[in-house]
$ cat target_22.csv   # CSV, C-alpha atoms
chain,number,residue,atom,x,y,z
A,178,MET,CA,-9.1,1.7,10.1
A,179,PRO,CA,-9.4,3.6,7.0
A,180,LEU,CA,-5.9,4.4,6.0
A,181,TRP,CA,-5.6,7.0,3.2
A,182,LYS,CA,-2.4,7.5,1.5
A,183,MET,CA,-2.2,10.5,-0.8
A,184,TYR,CA,0.7,10.9,-3.2
A,185,HIS,CA,0.8,14.4,-4.6
A,186,THR,CA,3.1,16.2,-7.0
A,187,ALA,CA,5.3,19.0,-5.7
A,188,GLY,CA,3.7,22.4,-5.1
A,189,THR,CA,0.2,21.0,-5.4
A,190,LEU,CA,-1.1,20.9,-1.8
A,191,ASN,CA,0.1,23.1,1.0
A,192,ASP,CA,-0.1,22.5,4.7
A,193,GLU,CA,-3.5,24.3,5.0
A,194,HIS,CA,-5.0,22.2,2.2
A,195,LYS,CA,-3.8,19.0,3.9
A,196,ALA,CA,-5.2,19.9,7.3
A,197,GLU,CA,-8.5,20.8,5.6
A,198,LEU,CA,-8.6,17.6,3.5
A,199,ALA,CA,-7.8,15.4,6.5
A,200,GLU,CA,-10.7,17.0,8.4
A,201,ARG,CA,-13.1,16.7,5.5
A,202,ILE,CA,-12.3,13.1,4.9
A,203,THR,CA,-12.6,12.2,8.5
A,204,LYS,CA,-16.0,13.9,9.0
A,205,MET,CA,-17.6,13.4,5.6
A,206,ALA,CA,-16.5,9.9,4.6
A,207,TYR,CA,-16.6,8.3,8.0
A,208,PRO,CA,-19.4,9.9,10.1
A,209,ILE,CA,-20.2,6.7,12.1
A,210,LEU,CA,-16.7,5.5,13.0
A,211,PRO,CA,-14.7,6.4,16.1
A,212,VAL,CA,-12.8,9.4,14.9
A,213,PHE,CA,-9.4,8.1,15.8
A,214,TYR,CA,-9.8,5.2,13.4
A,215,VAL,CA,-9.2,7.5,10.4
A,216,GLY,CA,-5.6,7.9,9.3
A,217,VAL,CA,-4.5,10.2,6.4
A,218,VAL,CA,-0.9,10.3,5.2
A,219,PHE,CA,0.3,12.8,2.5
A,220,GLU,CA,3.4,12.3,0.6
A,221,GLU,CA,5.0,14.7,-1.9
A,222,ILE,CA,6.5,12.9,-4.8
A,223,LYS,CA,8.9,14.7,-7.0
A,224,GLU,CA,8.5,14.9,-10.7
A,225,SER,CA,11.2,12.4,-11.6
A,226,ASP,CA,9.6,9.8,-9.3
A,227,PHE,CA,5.9,10.1,-10.3
A,228,TYR,CA,4.6,8.9,-13.7
A,229,ILE,CA,1.1,8.8,-15.1
A,230,GLY,CA,0.7,7.0,-18.5
A,231,GLY,CA,4.5,6.8,-18.7
A,232,LYS,CA,5.0,10.6,-18.5
A,233,PRO,CA,5.9,12.8,-15.4
A,234,ALA,CA,2.7,13.6,-13.5
A,235,GLU,CA,1.5,17.2,-13.3
A,236,ARG,CA,-0.7,18.7,-10.6
A,237,PHE,CA,-1.9,15.2,-9.7
A,238,VAL,CA,-3.0,13.4,-6.6
A,239,ARG,CA,-3.1,9.6,-6.5
A,240,ILE,CA,-5.0,8.3,-3.6
A,241,TRP,CA,-5.1,4.7,-2.3
A,242,VAL,CA,-7.2,3.7,0.6
A,243,ASP,CA,-7.5,0.6,2.8
A,244,HIS,CA,-10.8,0.0,4.5
A,245,ILE,CA,-10.8,-2.4,7.5
A,246,ALA,CA,-13.6,-1.7,10.1
A,247,ARG,CA,-16.4,-1.7,7.6
A,248,THR,CA,-17.0,-3.3,4.2
A,249,LEU,CA,-19.4,-1.9,1.6
A,250,PRO,CA,-21.6,-4.9,0.9
A,251,THR,CA,-23.6,-3.9,-2.1
A,252,PRO,CA,-23.1,-1.9,-5.3
A,253,GLU,CA,-25.5,0.7,-3.9
A,254,HIS,CA,-23.4,1.1,-0.7
A,255,ARG,CA,-20.3,1.4,-2.8
A,256,LEU,CA,-21.7,4.1,-5.1
A,257,ARG,CA,-23.1,6.0,-2.1
A,258,TRP,CA,-19.8,5.9,-0.3
A,259,LEU,CA,-17.9,7.0,-3.5
A,260,GLY,CA,-20.2,10.0,-3.5
A,261,MET,CA,-19.3,10.9,0.0
A,262,ALA,CA,-15.6,10.6,-0.8
A,263,ARG,CA,-16.1,12.7,-3.9
A,264,GLU,CA,-17.8,15.4,-1.8
A,265,ALA,CA,-14.9,15.5,0.6
A,266,LEU,CA,-12.3,15.9,-2.2
A,267,GLU,CA,-13.7,17.5,-5.3
A,268,PRO,CA,-14.5,21.1,-4.2
A,269,MET,CA,-10.8,21.7,-3.3
A,270,PHE,CA,-9.3,19.7,-6.2
A,271,SER,CA,-11.6,21.4,-8.7
A,272,LYS,CA,-10.7,24.9,-7.3
A,273,LEU,CA,-7.0,24.1,-7.4
A,274,GLY,CA,-7.0,22.5,-10.9
A,275,ILE,CA,-5.8,19.2,-9.6
A,276,ARG,CA,-6.4,15.9,-11.5
A,277,TRP,CA,-6.8,12.9,-9.3
A,278,GLU,CA,-7.5,9.2,-9.0
A,279,MET,CA,-8.4,7.0,-6.0
A,280,HIS,CA,-9.0,3.4,-5.3
A,281,VAL,CA,-10.0,1.5,-2.2
A,282,ASP,CA,-9.1,-2.0,-1.0
A,283,GLU,CA,-11.1,-3.8,1.6
A,284,THR,CA,-9.1,-5.9,4.0
A,285,THR,CA,-10.1,-8.2,6.8
A,286,ARG,CA,-10.9,-6.8,10.3
A,287,GLU,CA,-9.5,-10.0,11.7
A,288,LEU,CA,-6.0,-8.9,11.1
A,289,TRP,CA,-6.1,-5.5,12.7
A,290,LEU,CA,-4.8,-4.1,16.0
A,291,ILE,CA,-5.0,-0.7,17.7
A,292,GLN,CA,-2.6,-0.3,20.6
A,293,GLY,CA,-2.3,-4.1,20.7
A,294,LEU,CA,-6.1,-4.6,21.0
A,295,VAL,CA,-8.4,-6.2,18.5
A,296,PRO,CA,-11.0,-3.5,17.9
A,297,PRO,CA,-14.6,-4.3,18.9
A,298,MET,CA,-17.0,-5.5,16.3
A,299,GLN,CA,-19.2,-3.0,14.6
A,300,ASN,CA,-22.3,-1.7,16.3
A,301,THR,CA,-21.4,-3.1,19.7
A,302,GLU,CA,-21.4,-1.3,23.1
A,303,ALA,CA,-17.6,-1.6,23.2
A,304,GLU,CA,-17.3,0.2,19.8
A,305,ALA,CA,-19.7,2.9,21.0
A,306,LYS,CA,-17.5,3.4,24.0
A,307,TRP,CA,-14.4,3.7,21.9
A,308,LYS,CA,-16.2,6.3,19.8
A,309,THR,CA,-17.4,8.3,22.7
A,310,ASP,CA,-14.0,8.2,24.5
A,311,ASN,CA,-12.2,8.7,21.2
A,312,GLU,CA,-9.6,6.2,22.3
A,313,PRO,CA,-9.2,2.5,22.6
A,314,SER,CA,-9.6,0.6,25.9
A,315,PRO,CA,-9.7,-3.1,26.9
A,316,TYR,CA,-13.3,-4.5,26.7
B,182,MET,CA,6.7,-11.9,1.0
B,183,PRO,CA,5.5,-10.1,4.0
B,184,LEU,CA,6.1,-6.5,3.3
B,185,TRP,CA,5.8,-4.2,6.3
B,186,LYS,CA,5.5,-0.5,5.8
B,187,MET,CA,5.8,1.5,9.0
B,188,TYR,CA,4.9,5.2,8.9
B,189,HIS,CA,6.2,7.0,12.0
B,190,THR,CA,6.0,10.6,13.3
B,191,ALA,CA,9.3,12.5,13.4
B,192,GLY,CA,11.6,11.9,16.3
B,193,THR,CA,9.7,8.7,17.3
B,194,LEU,CA,12.1,5.9,16.2
B,195,ASN,CA,15.8,6.2,15.7
B,196,ASP,CA,18.1,4.0,13.6
B,197,GLU,CA,18.8,1.6,16.5
B,198,HIS,CA,15.1,1.1,17.2
B,199,LYS,CA,14.4,0.4,13.5
B,200,ALA,CA,17.2,-2.2,13.2
B,201,GLU,CA,15.9,-3.9,16.4
B,202,LEU,CA,12.3,-3.8,15.2
B,203,ALA,CA,13.2,-5.2,11.8
B,204,GLU,CA,15.1,-8.1,13.4
B,205,ARG,CA,12.3,-8.8,15.9
B,206,ILE,CA,9.6,-8.8,13.2
B,207,THR,CA,11.7,-11.1,11.0
B,208,LYS,CA,12.4,-13.6,13.7
B,209,MET,CA,9.3,-13.5,15.9
B,210,ALA,CA,6.5,-13.1,13.3
B,211,TYR,CA,7.9,-15.3,10.6
B,212,PRO,CA,10.0,-18.1,12.1
B,213,ILE,CA,9.2,-20.6,9.4
B,214,LEU,CA,9.8,-18.5,6.3
B,215,PRO,CA,13.0,-18.1,4.3
B,216,VAL,CA,14.5,-15.1,6.1
B,217,PHE,CA,15.0,-13.0,2.9
B,218,TYR,CA,11.2,-13.1,2.3
B,219,VAL,CA,10.7,-10.5,5.0
B,220,GLY,CA,10.8,-6.9,4.0
B,221,VAL,CA,10.4,-3.9,6.4
B,222,VAL,CA,10.4,-0.3,5.2
B,223,PHE,CA,10.2,2.6,7.6
B,224,GLU,CA,9.1,6.1,6.6
B,225,GLU,CA,9.2,9.2,8.7
B,226,ILE,CA,6.1,11.4,8.0
B,227,LYS,CA,6.3,15.0,9.1
B,228,GLU,CA,3.5,16.4,11.3
B,229,SER,CA,1.8,18.4,8.5
B,230,ASP,CA,1.5,15.2,6.4
B,231,PHE,CA,0.2,12.7,9.1
B,232,TYR,CA,-3.3,12.9,10.5
B,233,ILE,CA,-5.1,10.6,12.9
B,234,GLY,CA,-8.8,11.4,13.5
B,235,GLY,CA,-8.3,14.6,11.5
B,236,LYS,CA,-5.6,16.0,13.9
B,237,PRO,CA,-1.8,15.9,13.4
B,238,ALA,CA,-0.5,12.6,14.7
B,239,GLU,CA,1.8,12.5,17.8
B,240,ARG,CA,4.3,9.8,18.6
B,241,PHE,CA,2.4,7.4,16.4
B,242,VAL,CA,3.3,4.4,14.2
B,243,ARG,CA,0.9,3.3,11.5
B,244,ILE,CA,1.8,-0.1,10.1
B,245,TRP,CA,0.3,-1.8,7.1
B,246,VAL,CA,1.4,-5.3,6.0
B,247,ASP,CA,0.9,-7.4,3.0
B,248,HIS,CA,1.1,-11.2,3.4
B,249,ILE,CA,1.8,-13.3,0.3
B,250,ALA,CA,3.6,-16.6,1.0
B,251,ARG,CA,1.1,-17.8,3.6
B,252,THR,CA,-2.5,-17.1,4.5
B,253,LEU,CA,-3.9,-17.4,8.0
B,254,PRO,CA,-6.8,-19.7,7.3
B,255,THR,CA,-8.8,-19.7,10.5
B,256,PRO,CA,-9.8,-17.2,13.2
B,257,GLU,CA,-7.5,-19.1,15.6
B,258,HIS,CA,-4.5,-18.8,13.3
B,259,ARG,CA,-5.2,-15.1,12.9
B,260,LEU,CA,-5.4,-14.4,16.6
B,261,ARG,CA,-2.3,-16.5,17.3
B,262,TRP,CA,-0.3,-14.6,14.6
B,263,LEU,CA,-1.6,-11.2,15.9
B,264,GLY,CA,-0.1,-12.3,19.3
B,265,MET,CA,3.3,-12.9,17.6
B,266,ALA,CA,3.2,-9.5,15.9
B,267,ARG,CA,2.2,-7.9,19.2
B,268,GLU,CA,5.1,-9.6,21.0
B,269,ALA,CA,7.5,-8.3,18.3
B,270,LEU,CA,6.3,-4.7,18.6
B,271,GLU,CA,4.8,-3.9,22.0
B,272,PRO,CA,7.7,-4.0,24.4
B,273,MET,CA,9.5,-1.2,22.5
B,274,PHE,CA,6.4,0.8,21.7
B,275,SER,CA,5.3,0.6,25.3
B,276,LYS,CA,8.7,1.7,26.6
B,277,LEU,CA,8.9,4.6,24.2
B,278,GLY,CA,5.3,5.8,24.8
B,279,ILE,CA,4.3,5.2,21.2
B,280,ARG,CA,0.7,4.7,20.1
B,281,TRP,CA,0.2,2.4,17.1
B,282,GLU,CA,-2.1,0.7,14.7
B,283,MET,CA,-1.5,-2.1,12.2
B,284,HIS,CA,-3.5,-4.0,9.7
B,285,VAL,CA,-2.7,-6.8,7.3
B,286,ASP,CA,-3.9,-7.6,3.8
B,287,GLU,CA,-3.5,-11.1,2.3
B,288,THR,CA,-2.7,-11.1,-1.4
B,289,THR,CA,-2.4,-14.0,-3.9
B,290,ARG,CA,0.9,-15.9,-4.1
B,291,GLU,CA,0.2,-16.4,-7.8
B,292,LEU,CA,1.1,-12.8,-8.5
B,293,TRP,CA,4.5,-12.7,-6.8
B,294,LEU,CA,8.1,-12.8,-8.2
B,295,ILE,CA,11.5,-12.8,-6.5
B,296,GLN,CA,14.3,-12.1,-8.8
B,297,GLY,CA,12.0,-12.9,-11.7
B,298,LEU,CA,11.2,-16.3,-10.2
B,299,VAL,CA,7.8,-17.6,-9.0
B,300,PRO,CA,8.7,-18.6,-5.4
B,301,PRO,CA,8.1,-22.3,-4.6
B,302,MET,CA,4.9,-23.5,-3.0
B,303,GLN,CA,4.9,-23.8,0.8
B,304,ASN,CA,6.4,-26.8,2.5
B,305,THR,CA,8.2,-28.0,-0.6
B,306,GLU,CA,11.8,-29.2,-1.0
B,307,ALA,CA,12.4,-26.1,-3.1
B,308,GLU,CA,11.2,-23.8,-0.4
B,309,ALA,CA,13.3,-25.6,2.2
B,310,LYS,CA,16.3,-25.1,-0.1
B,311,TRP,CA,15.6,-21.3,-0.5
B,312,LYS,CA,15.3,-21.1,3.3
B,313,THR,CA,18.6,-23.0,3.9
B,314,ASP,CA,20.5,-21.1,1.2
B,315,ASN,CA,18.7,-17.8,2.2
B,316,GLU,CA,18.5,-16.9,-1.4
B,317,PRO,CA,16.4,-17.7,-4.4
B,318,SER,CA,17.4,-20.2,-7.1
B,319,PRO,CA,15.7,-21.8,-10.1
B,320,TYR,CA,14.0,-25.0,-9.2
C,276,MET,CA,-5.6,1.7,-12.4
C,277,PRO,CA,-2.5,-0.2,-12.0
C,278,LEU,CA,-0.6,1.6,-9.3
C,279,TRP,CA,3.0,0.6,-9.1
C,280,LYS,CA,5.0,1.6,-6.0
C,281,MET,CA,8.8,1.0,-6.3
C,282,TYR,CA,10.9,1.3,-3.2
C,283,HIS,CA,14.6,1.4,-4.0
C,284,THR,CA,17.8,1.7,-2.1
C,285,ALA,CA,19.8,4.9,-2.5
C,286,GLY,CA,22.0,5.2,-5.6
C,287,THR,CA,20.3,2.2,-7.3
C,288,LEU,CA,18.1,3.9,-9.9
C,289,ASN,CA,18.7,7.4,-11.5
C,290,ASP,CA,16.2,9.6,-13.2
C,291,GLU,CA,16.9,8.2,-16.6
C,292,HIS,CA,16.3,4.6,-15.3
C,293,LYS,CA,13.1,5.7,-13.7
C,294,ALA,CA,11.7,7.4,-16.9
C,295,GLU,CA,12.7,4.3,-18.9
C,296,LEU,CA,11.1,1.9,-16.4
C,297,ALA,CA,7.9,3.9,-16.3
C,298,GLU,CA,7.6,3.8,-20.0
C,299,ARG,CA,8.4,0.1,-20.3
C,300,ILE,CA,5.9,-0.8,-17.6
C,301,THR,CA,3.2,1.3,-19.2
C,302,LYS,CA,3.7,-0.1,-22.7
C,303,MET,CA,4.7,-3.7,-22.0
C,304,ALA,CA,2.6,-4.7,-19.1
C,305,TYR,CA,-0.6,-2.8,-20.0
C,306,PRO,CA,-0.9,-2.7,-23.8
C,307,ILE,CA,-4.7,-2.7,-23.9
C,308,LEU,CA,-5.5,-0.1,-21.2
C,309,PRO,CA,-6.0,3.6,-21.6
C,310,VAL,CA,-2.5,4.8,-21.1
C,311,PHE,CA,-3.3,7.4,-18.4
C,312,TYR,CA,-4.6,4.5,-16.2
C,313,VAL,CA,-1.0,3.5,-15.4
C,314,GLY,CA,0.6,5.1,-12.4
C,315,VAL,CA,4.2,4.5,-11.3
C,316,VAL,CA,5.7,6.0,-8.1
C,317,PHE,CA,9.3,5.6,-7.1
C,318,GLU,CA,10.6,6.1,-3.6
C,319,GLU,CA,14.2,6.1,-2.5
C,320,ILE,CA,14.5,4.5,0.9
C,321,LYS,CA,17.7,5.1,2.9
C,322,GLU,CA,19.7,2.2,4.3
C,323,SER,CA,18.6,2.6,7.9
C,324,ASP,CA,14.9,2.5,6.8
C,325,PHE,CA,15.0,-0.6,4.5
C,326,TYR,CA,15.4,-4.1,5.7
C,327,ILE,CA,15.4,-7.5,3.9
C,328,GLY,CA,15.6,-10.5,6.1
C,329,GLY,CA,16.3,-8.3,9.1
C,330,LYS,CA,19.4,-6.8,7.5
C,331,PRO,CA,19.8,-3.4,5.6
C,332,ALA,CA,18.8,-3.9,2.0
C,333,GLU,CA,21.5,-3.5,-0.7
C,334,ARG,CA,20.8,-2.6,-4.3
C,335,PHE,CA,17.3,-3.8,-3.9
C,336,VAL,CA,14.0,-2.8,-5.5
C,337,ARG,CA,10.8,-3.9,-3.7
C,338,ILE,CA,7.7,-3.4,-5.9
C,339,TRP,CA,4.1,-3.6,-4.9
C,340,VAL,CA,1.3,-3.2,-7.4
C,341,ASP,CA,-2.5,-2.7,-7.1
C,342,HIS,CA,-4.5,-3.9,-10.1
C,343,ILE,CA,-8.0,-2.5,-10.4
C,344,ALA,CA,-9.3,-2.2,-14.0
C,345,ARG,CA,-8.7,-5.8,-14.9
C,346,THR,CA,-8.3,-9.0,-12.9
C,347,LEU,CA,-6.3,-12.0,-14.1
C,348,PRO,CA,-8.8,-14.7,-13.9
C,349,THR,CA,-6.9,-18.0,-14.4
C,350,PRO,CA,-3.4,-19.3,-13.4
C,351,GLU,CA,-2.5,-19.1,-17.1
C,352,HIS,CA,-3.4,-15.4,-17.3
C,353,ARG,CA,-1.5,-14.8,-14.2
C,354,LEU,CA,1.7,-16.6,-15.4
C,355,ARG,CA,1.5,-14.8,-18.8
C,356,TRP,CA,1.1,-11.4,-17.1
C,357,LEU,CA,4.0,-12.1,-14.8
C,358,GLY,CA,6.1,-12.8,-17.9
C,359,MET,CA,5.2,-9.4,-19.3
C,360,ALA,CA,6.1,-7.7,-16.1
C,361,ARG,CA,9.4,-9.6,-16.0
C,362,GLU,CA,10.2,-8.5,-19.5
C,363,ALA,CA,9.6,-4.9,-18.6
C,364,LEU,CA,11.9,-5.0,-15.6
C,365,GLU,CA,14.5,-7.7,-15.9
C,366,PRO,CA,16.8,-6.4,-18.6
C,367,MET,CA,17.6,-3.2,-16.7
C,368,PHE,CA,17.7,-4.8,-13.3
C,369,SER,CA,19.9,-7.5,-14.5
C,370,LYS,CA,22.3,-5.1,-16.2
C,371,LEU,CA,22.5,-2.9,-13.1
C,372,GLY,CA,23.0,-5.8,-10.7
C,373,ILE,CA,19.7,-5.1,-8.8
C,374,ARG,CA,17.9,-7.7,-6.7
C,375,TRP,CA,14.2,-7.3,-6.7
C,376,GLU,CA,10.8,-8.6,-5.5
C,377,MET,CA,7.3,-7.7,-6.6
C,378,HIS,CA,3.8,-8.7,-5.7
C,379,VAL,CA,0.4,-7.7,-7.0
C,380,ASP,CA,-2.9,-7.2,-5.2
C,381,GLU,CA,-6.2,-7.2,-7.1
C,382,THR,CA,-8.8,-4.7,-5.8
C,383,THR,CA,-12.4,-4.1,-6.8
C,384,ARG,CA,-13.2,-1.8,-9.7
C,385,GLU,CA,-16.3,-0.8,-7.9
C,386,LEU,CA,-14.3,1.4,-5.5
C,387,TRP,CA,-12.4,3.4,-8.0
C,388,LEU,CA,-12.7,7.0,-9.2
C,389,ILE,CA,-10.8,9.0,-11.8
C,390,GLN,CA,-11.5,12.7,-11.7
C,391,GLY,CA,-14.6,11.9,-9.7
C,392,LEU,CA,-15.9,9.5,-12.4
C,393,VAL,CA,-16.5,5.8,-12.1
C,394,PRO,CA,-14.4,4.5,-15.0
C,395,PRO,CA,-16.3,2.6,-17.7
C,396,MET,CA,-16.5,-1.1,-17.7
C,397,GLN,CA,-13.9,-3.0,-19.7
C,398,ASN,CA,-14.3,-3.5,-23.4
C,399,THR,CA,-17.1,-0.9,-23.7
C,400,GLU,CA,-17.3,1.9,-26.2
C,401,ALA,CA,-16.9,4.4,-23.4
C,402,GLU,CA,-13.6,2.7,-22.4
C,403,ALA,CA,-12.4,2.7,-26.0
C,404,LYS,CA,-13.1,6.5,-26.1
C,405,TRP,CA,-11.1,7.1,-22.9
C,406,LYS,CA,-8.3,5.1,-24.4
C,407,THR,CA,-8.4,7.0,-27.7
C,408,ASP,CA,-8.7,10.5,-26.1
C,409,ASN,CA,-6.2,9.4,-23.4
C,410,GLU,CA,-8.3,11.3,-20.8
C,411,PRO,CA,-11.5,10.7,-18.8
C,412,SER,CA,-14.9,12.2,-19.8
C,413,PRO,CA,-18.5,11.7,-18.6
C,414,TYR,CA,-20.3,8.9,-20.5
$ encode --input "target_22.csv" --output "C-alpha cells"
Amino acid sequence: MPLWKMYHTAGTLNDEHKAELAERITKMAYPILPVFYVGVVFEEIKESDFYIGGKPAERFVRIWVDHIARTLPTPEHRLRWLGMAREALEPMFSKLGIRWEMHVDETTRELWLIQGLVPPMQNTEAEAKWKTDNEPSPY
Amino acid sequence: MPLWKMYHTAGTLNDEHKAELAERITKMAYPILPVFYVGVVFEEIKESDFYIGGKPAERFVRIWVDHIARTLPTPEHRLRWLGMAREALEPMFSKLGIRWEMHVDETTRELWLIQGLVPPMQNTEAEAKWKTDNEPSPY
Amino acid sequence: MPLWKMYHTAGTLNDEHKAELAERITKMAYPILPVFYVGVVFEEIKESDFYIGGKPAERFVRIWVDHIARTLPTPEHRLRWLGMAREALEPMFSKLGIRWEMHVDETTRELWLIQGLVPPMQNTEAEAKWKTDNEPSPY
C-alpha cells in the first residue's frame, strides 16, 4: 500500500544503501501493516534531468509517497508519522551529506487491488491473516 | 486523463506484452473516453532498485494510476471499475506468473490541460467531438 | 513542493531544452515560492514503453505535477495558474512540434518534510526567511 518512489542524483546511493533504506522504511514507518504491502522504488536521475530551484540537483533525494491502507486522521497522527519517517531516513542521509525532500499523498483504499483482490479492511481478522501469512489470500 | 504507470521487474514483460496490455487497458477500462486520453507508461526497475516488503521484488508489477476526466462516485462504481481493470490485466499476469498490485488516485479535472486546452466537460458535444476526431480542438 | 515529472519520448527534448524548461517553470509558475521548493524531473521513455490511446506515443510530453505548499482555492485561481503553466511550456513545445498533456494533484502540506523539517506555513516570517536564504533552517 504505501508506495515510496525515491528519485536520487547519480552516485548518491549505492545498492547497500538502498537495501538498508528499504528495510528501515518497511520496519520503522509501517510496523503494523502486512510487510508485503510496502513498496519502495529507487530511480537514479542524471544531472541533466533533475532540477531543484531551476538548477541541476546535487546529492539530492526527492521522495514521494502514496498511502492507501491507512490514513493519518489528525495533525497529531501526521506529526508522529513524519517523525517515524524521519527516523528511518535521516541517520543515513545525514551521514552521507544528502539533502532531501519528501511528501505523502493519501489515496482511497476503495481503488486498490493486490493480486486482483480488494485488500481486507484494517484491523480485521482477514488483514491479520494476510499479515501473518505475509501474502494475500481470498477471504 | 487516466495515466497508468507500470513499474515491472526486469525480464517480466516484453515489448509484445506491453503493446497488448496498453491496448487492453485502453479498450477495456475506458470504453467511453476519447481514446487519446489514455496514457500508459512502463518502466523496468532493476532488482537493486525495487523492494516489496523490504526484499528485492521478483516477477512483480506495481501499478499506480491517476484518474482525471471521470471520478467513480459510489462504492458500486468503484467495484465495477476495479473488475474492468482486473479483466484487462489478470489473464496475462496469471499466465506469466506475475504478482501485482495497483492503486488509483482521483485528481481534479480543473487542473488538467491537453495541448494547452482545458478538456471539455464530460458528456458534452465538445467531448463527443474530441472522441470522434480522436484529437483535441478548441471549442 | 511542486514536483513536476515530465515523461518524454526519445529525441524530443535535449539537455538545453530541459534546463530552459526547468528555469521557466520555476520562475513563471511559482514566482512567490522559495525557489528551492520547485523540483522538476525529466524522464525519457522509449517507444515500446509509452502509449497514448493504445498506440506508441510520438513526440509527446506527459506531465504530472504534485502541489503541496499552496492550493488553488477557486476556479478562477485554477484557470489563472493553468495560464501561467501554459505560458511556461507552450512556446517551446509549439516550436518543437510537441504534443503534450499535464495534470496536477494537490496534496496536504501536513505530510511534507524538507531536510527533516516541516516547512513553515505560507505567508509567515519563517517562510519569507527560507525564500530569502533560499534554503531551509529551523524556525
$ residues_around --input "target_22.csv" --residues "range 288-301 of chain B" --least-positions-apart "6" --cutoff "10 Å" --atoms "only C-alpha atoms" --output "short mmCIF file (atom, residue, chain, number, x, y, z; two decimals) with C-alpha atoms, keeping the file's coordinate frame"
data_model
loop_
_atom_site.label_atom_id
_atom_site.label_comp_id
_atom_site.auth_asym_id
_atom_site.auth_seq_id
_atom_site.Cartn_x
_atom_site.Cartn_y
_atom_site.Cartn_z
CA THR A 284 -9.10 -5.90 4.00
CA MET B 182 6.70 -11.90 1.00
CA PRO B 183 5.50 -10.10 4.00
CA TYR B 218 11.20 -13.10 2.30
CA ASP B 247 0.90 -7.40 3.00
CA HIS B 248 1.10 -11.20 3.40
CA ILE B 249 1.80 -13.30 0.30
CA ALA B 250 3.60 -16.60 1.00
CA ARG B 251 1.10 -17.80 3.60
CA THR B 252 -2.50 -17.10 4.50
CA ALA B 307 12.40 -26.10 -3.10
CA GLU B 308 11.20 -23.80 -0.40
CA ALA B 309 13.30 -25.60 2.20
CA LYS B 310 16.30 -25.10 -0.10
CA TRP B 311 15.60 -21.30 -0.50
CA GLU B 316 18.50 -16.90 -1.40
CA PRO B 317 16.40 -17.70 -4.40
CA SER B 318 17.40 -20.20 -7.10
CA PRO B 319 15.70 -21.80 -10.10
CA TYR B 320 14.00 -25.00 -9.20
CA VAL C 336 14.00 -2.80 -5.50
CA ARG C 337 10.80 -3.90 -3.70
CA ILE C 338 7.70 -3.40 -5.90
CA TRP C 339 4.10 -3.60 -4.90
CA VAL C 340 1.30 -3.20 -7.40
CA LEU C 347 -6.30 -12.00 -14.10
CA THR C 349 -6.90 -18.00 -14.40
CA PRO C 350 -3.40 -19.30 -13.40
CA ARG C 353 -1.50 -14.80 -14.20
CA LEU C 354 1.70 -16.60 -15.40
CA TRP C 356 1.10 -11.40 -17.10
CA LEU C 357 4.00 -12.10 -14.80
CA GLY C 358 6.10 -12.80 -17.90
CA ALA C 360 6.10 -7.70 -16.10
CA ARG C 361 9.40 -9.60 -16.00
CA GLU C 362 10.20 -8.50 -19.50
CA LEU C 364 11.90 -5.00 -15.60
CA GLU C 365 14.50 -7.70 -15.90
CA PHE C 368 17.70 -4.80 -13.30
CA SER C 369 19.90 -7.50 -14.50
CA ILE C 373 19.70 -5.10 -8.80
CA ARG C 374 17.90 -7.70 -6.70
CA TRP C 375 14.20 -7.30 -6.70
CA GLU C 376 10.80 -8.60 -5.50
CA MET C 377 7.30 -7.70 -6.60
CA HIS C 378 3.80 -8.70 -5.70
CA VAL C 379 0.40 -7.70 -7.00
CA ASP C 380 -2.90 -7.20 -5.20
CA GLU C 381 -6.20 -7.20 -7.10
CA THR C 382 -8.80 -4.70 -5.80
#
$ closest_residue --input "target_22.csv" --among "B:Met209, B:Leu202, B:Glu197, B:Thr190" --to "chain A" --atoms "all atoms listed in the file"
B:Thr190
$ closest_residue --input "target_22.csv" --among "B:Lys276, B:Trp185, B:Lys208, B:Thr305" --to "Val221 in chain B" --atoms "all atoms listed in the file"
B:Trp185
$ closest_residue --input "target_22.csv" --among "B:Ser229, B:Gly234, B:Ala269, B:Asn315" --to "His194 in chain A" --atoms "all atoms listed in the file"
B:Ser229
$ residues_around --input "target_22.csv" --residues "Thr189 in chain A" --least-positions-apart "5" --cutoff "9 Å" --atoms "all atoms listed in the file" --output "tab-separated table (two decimals) with C-alpha atoms, in the coordinates of the input"
chain	number	residue	atom	x	y	z
A	221	GLU	CA	5.00	14.70	-1.90
A	235	GLU	CA	1.50	17.20	-13.30
A	236	ARG	CA	-0.70	18.70	-10.60
A	237	PHE	CA	-1.90	15.20	-9.70
A	238	VAL	CA	-3.00	13.40	-6.60
A	273	LEU	CA	-7.00	24.10	-7.40
A	275	ILE	CA	-5.80	19.20	-9.60
$ atom_distance --input "target_22.csv" --atom1 "CA of Phe317 in chain C" --atom2 "CA of Glu204 in chain B"
25.3 Å
$ closest_residue --input "target_22.csv" --among "C:Ala297, C:Ile320, C:Ile327, C:Ala332" --to "chain A" --atoms "all atoms listed in the file"
C:Ala297
$ atom_distance --input "target_22.csv" --atom1 "CA of His185 in chain A" --atom2 "CA of Leu288 in chain C"
20.9 Å
$ closest_residue --input "target_22.csv" --among "C:Ala294, C:Met359, C:Val316, C:Ala304" --to "Met183 in chain A" --atoms "all atoms listed in the file"
C:Val316
$ atom_distance --input "target_22.csv" --atom1 "CA of Tyr211 in chain B" --atom2 "CA of Val215 in chain A"
28.5 Å
$ closest_residue --input "target_22.csv" --among "B:Met273, B:Ile213, B:Leu184, B:Ala191" --to "chain C" --atoms "all atoms listed in the file"
B:Leu184
